[in-house]
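Novice: Let me give you the structure first, and then I'll get to my questions.
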Protein chains: 2
Amino acid sequence: MIAVFRKYLEEKGNFTETELNTITAAVAIKKVRKRQYLLQEGDVWKFNAFVTKGCLRTYSVDEKGIEHVLNFAVENWWTGDRESLQTGKPSEYNIDALEDSEVALISREKYDQLCRDIPAFNNMVSAILEKSFRVAQNRIHTFISAGAEEKYLSFLEKFPHLVMRVPQSMIASYLGITAETLSRIRKQLVKK
Amino acid sequence: MIAVFRKYLEEKGNFTETELNTITAAVAIKKVRKRQYLLQEGDVWKFNAFVTKGCLRTYSVDEKGIEHVLNFAVENWWTGDRESLQTGKPSEYNIDALEDSEVALISREKYDQLCRDIPAFNNMVSAILEKSFRVAQNRIHTFISAGAEEKYLSFLEKFPHLVMRVPQSMIASYLGITAETLSRIRKQLVKK
DNA sequence: CGATTCTTTGAAAACAGTCAATCTGTGTGG
DNA sequence: CCACACAGATTGACTGTTTTCAAAGAATCG
């Protein structure tokens, strides 16, 4: 499955054969079975994780025991907890697999080293971060401006492939609404 | 007011005197009077803007004419529209000044050049982006997990200086609630 | 199958939004 | 210095949306 990562690199950056080898040599492939944790609340996250197979979610659990899904990650997406990685503090999030999955892990040290040694890698990383930020801003914009139905429609547009793949209740959570509300919204939408 | 920017650079990165001069030479100071636009919807944004004085907001206007505040920016913060800057598409946002303000503008070209020529600048930029992303993620987390009151309290904690500085109605908008609701929440809070 | 997980539905309650009116403080021009 | 205008904040009554809780119905997997 490292091939998936290699292909991603070839598409995203301009790497020489040697560089590609250096980068892929820096990753450790890890299998994460369905329901298994990649990260648990309280642990310190020390990697960058690239998903080569499957689907994972990042979520927190509040005082009432309710789960709040912050992110999904499928093939060719990055995941992890940047907050914990950067600050060295225990994570407030859990990451677990919604399907049998596989991730490519790069330790912080190797990642930094790659950034220093391979300019193209550094550029790629910046571009990814930039994109991630813009995606986050757009998501915030829908939170401040859109109602529940509109948020769902926007989710459908942006992530049609996720709709069939993750439980509705988690999509609801991702949108900041309850599973019941989402169910009702879908019912309304069918009528049209 | 360029001194503010220079001081920021000295604190954030490890620059030589020459580098500092190169960077500060690349910026154009622009005054923006209260109520004046720095960016208008439909225009393409072509800069990175660092606020040296005053306070600005980024907002959109929906079909009903309601304004939605995406961001505030005061001294030592960056602002602009990364989406428009990156894609070259017309911006969906307006940025205007809430007070008489001053910003340091760096064009995309000069910015890229600085990134290429001065590694320390590139590093600083990455760090800022990284931080911005984390802030955005945290904001998303409060949107999916917190009610109106909790969101306001969290705003108070994170931006106590902004509370006295920007109209309540805009804070409400930033939190994704109406001005009336915020007013009632504040009334409730006083009782405690 | 049988067990588990996920979704749907209903009714009541909590929450937030809307609209219109009033109040408050600030600044301006006469 | 006052009166007035204006923007922002507050309040009340009402409407609408979303949550909550509980139960029943699919769907999925071993």
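Letters A, B, ... go to the chains of the structure tokens in the order shown; residues in each chain start at 1; ligands are counted from 1 in the same order.
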Least-squares superposition of chain B on chain A, every Cα paired in order: what RMSD, in Å?

Specialist: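 Rounded to one decimal, the C-alpha RMSD is 0.0 Å.
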
Novice: Identify, on the basis of only C-alpha atoms (C1' of nucleotides), every residue whose closest approach to Lys89 (chain A) does not exceed 10 Å; exclude the query and any residue fewer than 5 positions from it along the same chain; express the result as a PyMOL selection string.

Specialist: chain A and resi 42-45+83-84

Novice: At a cut-off of 10 Å, can you tabulate as JSON lines every residue of chain B near chain C together with its closest atom pair and the distance in Å to one decimal, using only C-alpha atoms (C1' of nucleotides) and ordering rows by chain then number?

Specialist:
{"residue": "B:Gly147", "atom": "CA", "partner": "C:DC15", "partner_atom": "C1'", "distance": 9.2}
{"residue": "B:Ala148", "atom": "CA", "partner": "C:DA16", "partner_atom": "C1'", "distance": 8.6}
{"residue": "B:Ile177", "atom": "CA", "partner": "C:DA16", "partner_atom": "C1'", "distance": 7.9}
{"residue": "B:Thr178", "atom": "CA", "partner": "C:DG17", "partner_atom": "C1'", "distance": 7.3}
{"residue": "B:Glu180", "atom": "CA", "partner": "C:DG17", "partner_atom": "C1'", "distance": 8.7}
{"residue": "B:Thr181", "atom": "CA", "partner": "C:DA16", "partner_atom": "C1'", "distance": 6.9}

Novice: When DSSP works through the backbone of this structure, what residues of chain B end up as strand (DSSP E or B), shown as number ranges by chain?

Specialist: B: 28-32, 37-39, 47-53, 55-61, 67-74, 78-79, 94-97, 101-107

Novice: Give me the chain D side of the contact with chain B, cut-off 9 Å, one line per residue showing its nearest atom pair and distance in Å at one decimal, counting only C-alpha atoms (C1' of nucleotides), sorted by chain and residue number, as a tab-separated table.

Specialist:
residue	atom	partner	partner_atom	distance
D:DG8	C1'	B:Pro167	CA	7.4
D:DA9	C1'	B:Ser183	CA	7.3
D:DT10	C1'	B:Ser183	CA	6.9

Novice: Quick one: write out the picked residues with C-alpha atoms (C1' of nucleotides) as a CSV table (one decimal), in the first residue's frame?

Specialist:
chain,number,residue,atom,x,y,z
D,8,DG,C1',-25.8,49.8,18.8
D,9,DA,C1',-27.9,47.2,22.6
D,10,DT,C1',-31.9,45.5,24.9

Novice: Do you know which residues are at most 6 Å from Glu99 (chain A) counting only C-alpha atoms (C1' of nucleotides), after dropping those on the same chain fewer than 5 positions away, and could you put them as number ranges by chain?

Specialist: A: 34, 54-55

Novice: Could you list the residues in chain B lying within 6 Å of chain A, using only C-alpha atoms, and format the result as an MDAnalysis selection string?

Specialist: chainID B and resid 133 144 176

Novice: Grab the CA of Thr16 (chain A) to CA of Ala73 (chain A) distance for me, in Å with one decimal place.

Specialist: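 One can read the CA of Thr16 (chain A) to CA of Ala73 (chain A) distance as 27.8 Å.
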
Novice: In Å to one decimal, how far is CA of Gly88 (chain B) from CA of Phe159 (chain A)?

Specialist: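 Interatomic distance, CA of Phe159 (chain A) to CA of Gly88 (chain B): 23.5 Å.
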
Novice: Could you pull out all residues of chain B with a DSSP call of alpha helix (DSSP H) and give them as a PyMOL selection string?

Specialist: chain B and resi 2-12+17-25+82-87+108-117+119-145+148-158+160-163+168-175+179-190

Novice: Might you pull out every residue within 9 Å of Arg186 (chain A), with only C-alpha atoms (C1' of nucleotides) counted and same-chain residues fewer than 4 positions away left off, and present them as a VMD selection string?

Specialist: chain A and resid 149 152 181 to 182 190 to 191

Novice: Would you mind listing what lies within 12 Å of Arg35 (chain A) as a PyMOL selection string, with only C-alpha atoms (C1' of nucleotides) counted and same-chain residues fewer than 3 positions away left out?

Specialist: chain A and resi 31-32+38-40+54-57+94-101

Novice: Leaving out Leu20 (chain B) and any residue of its chain fewer than 2 positions from it, which residues lie within 12 Å of it when counting only C-alpha atoms (C1' of nucleotides), given as a PyMOL selection string?

Specialist: chain B and resi 2-3+5-18+22-27+114+118+120-121
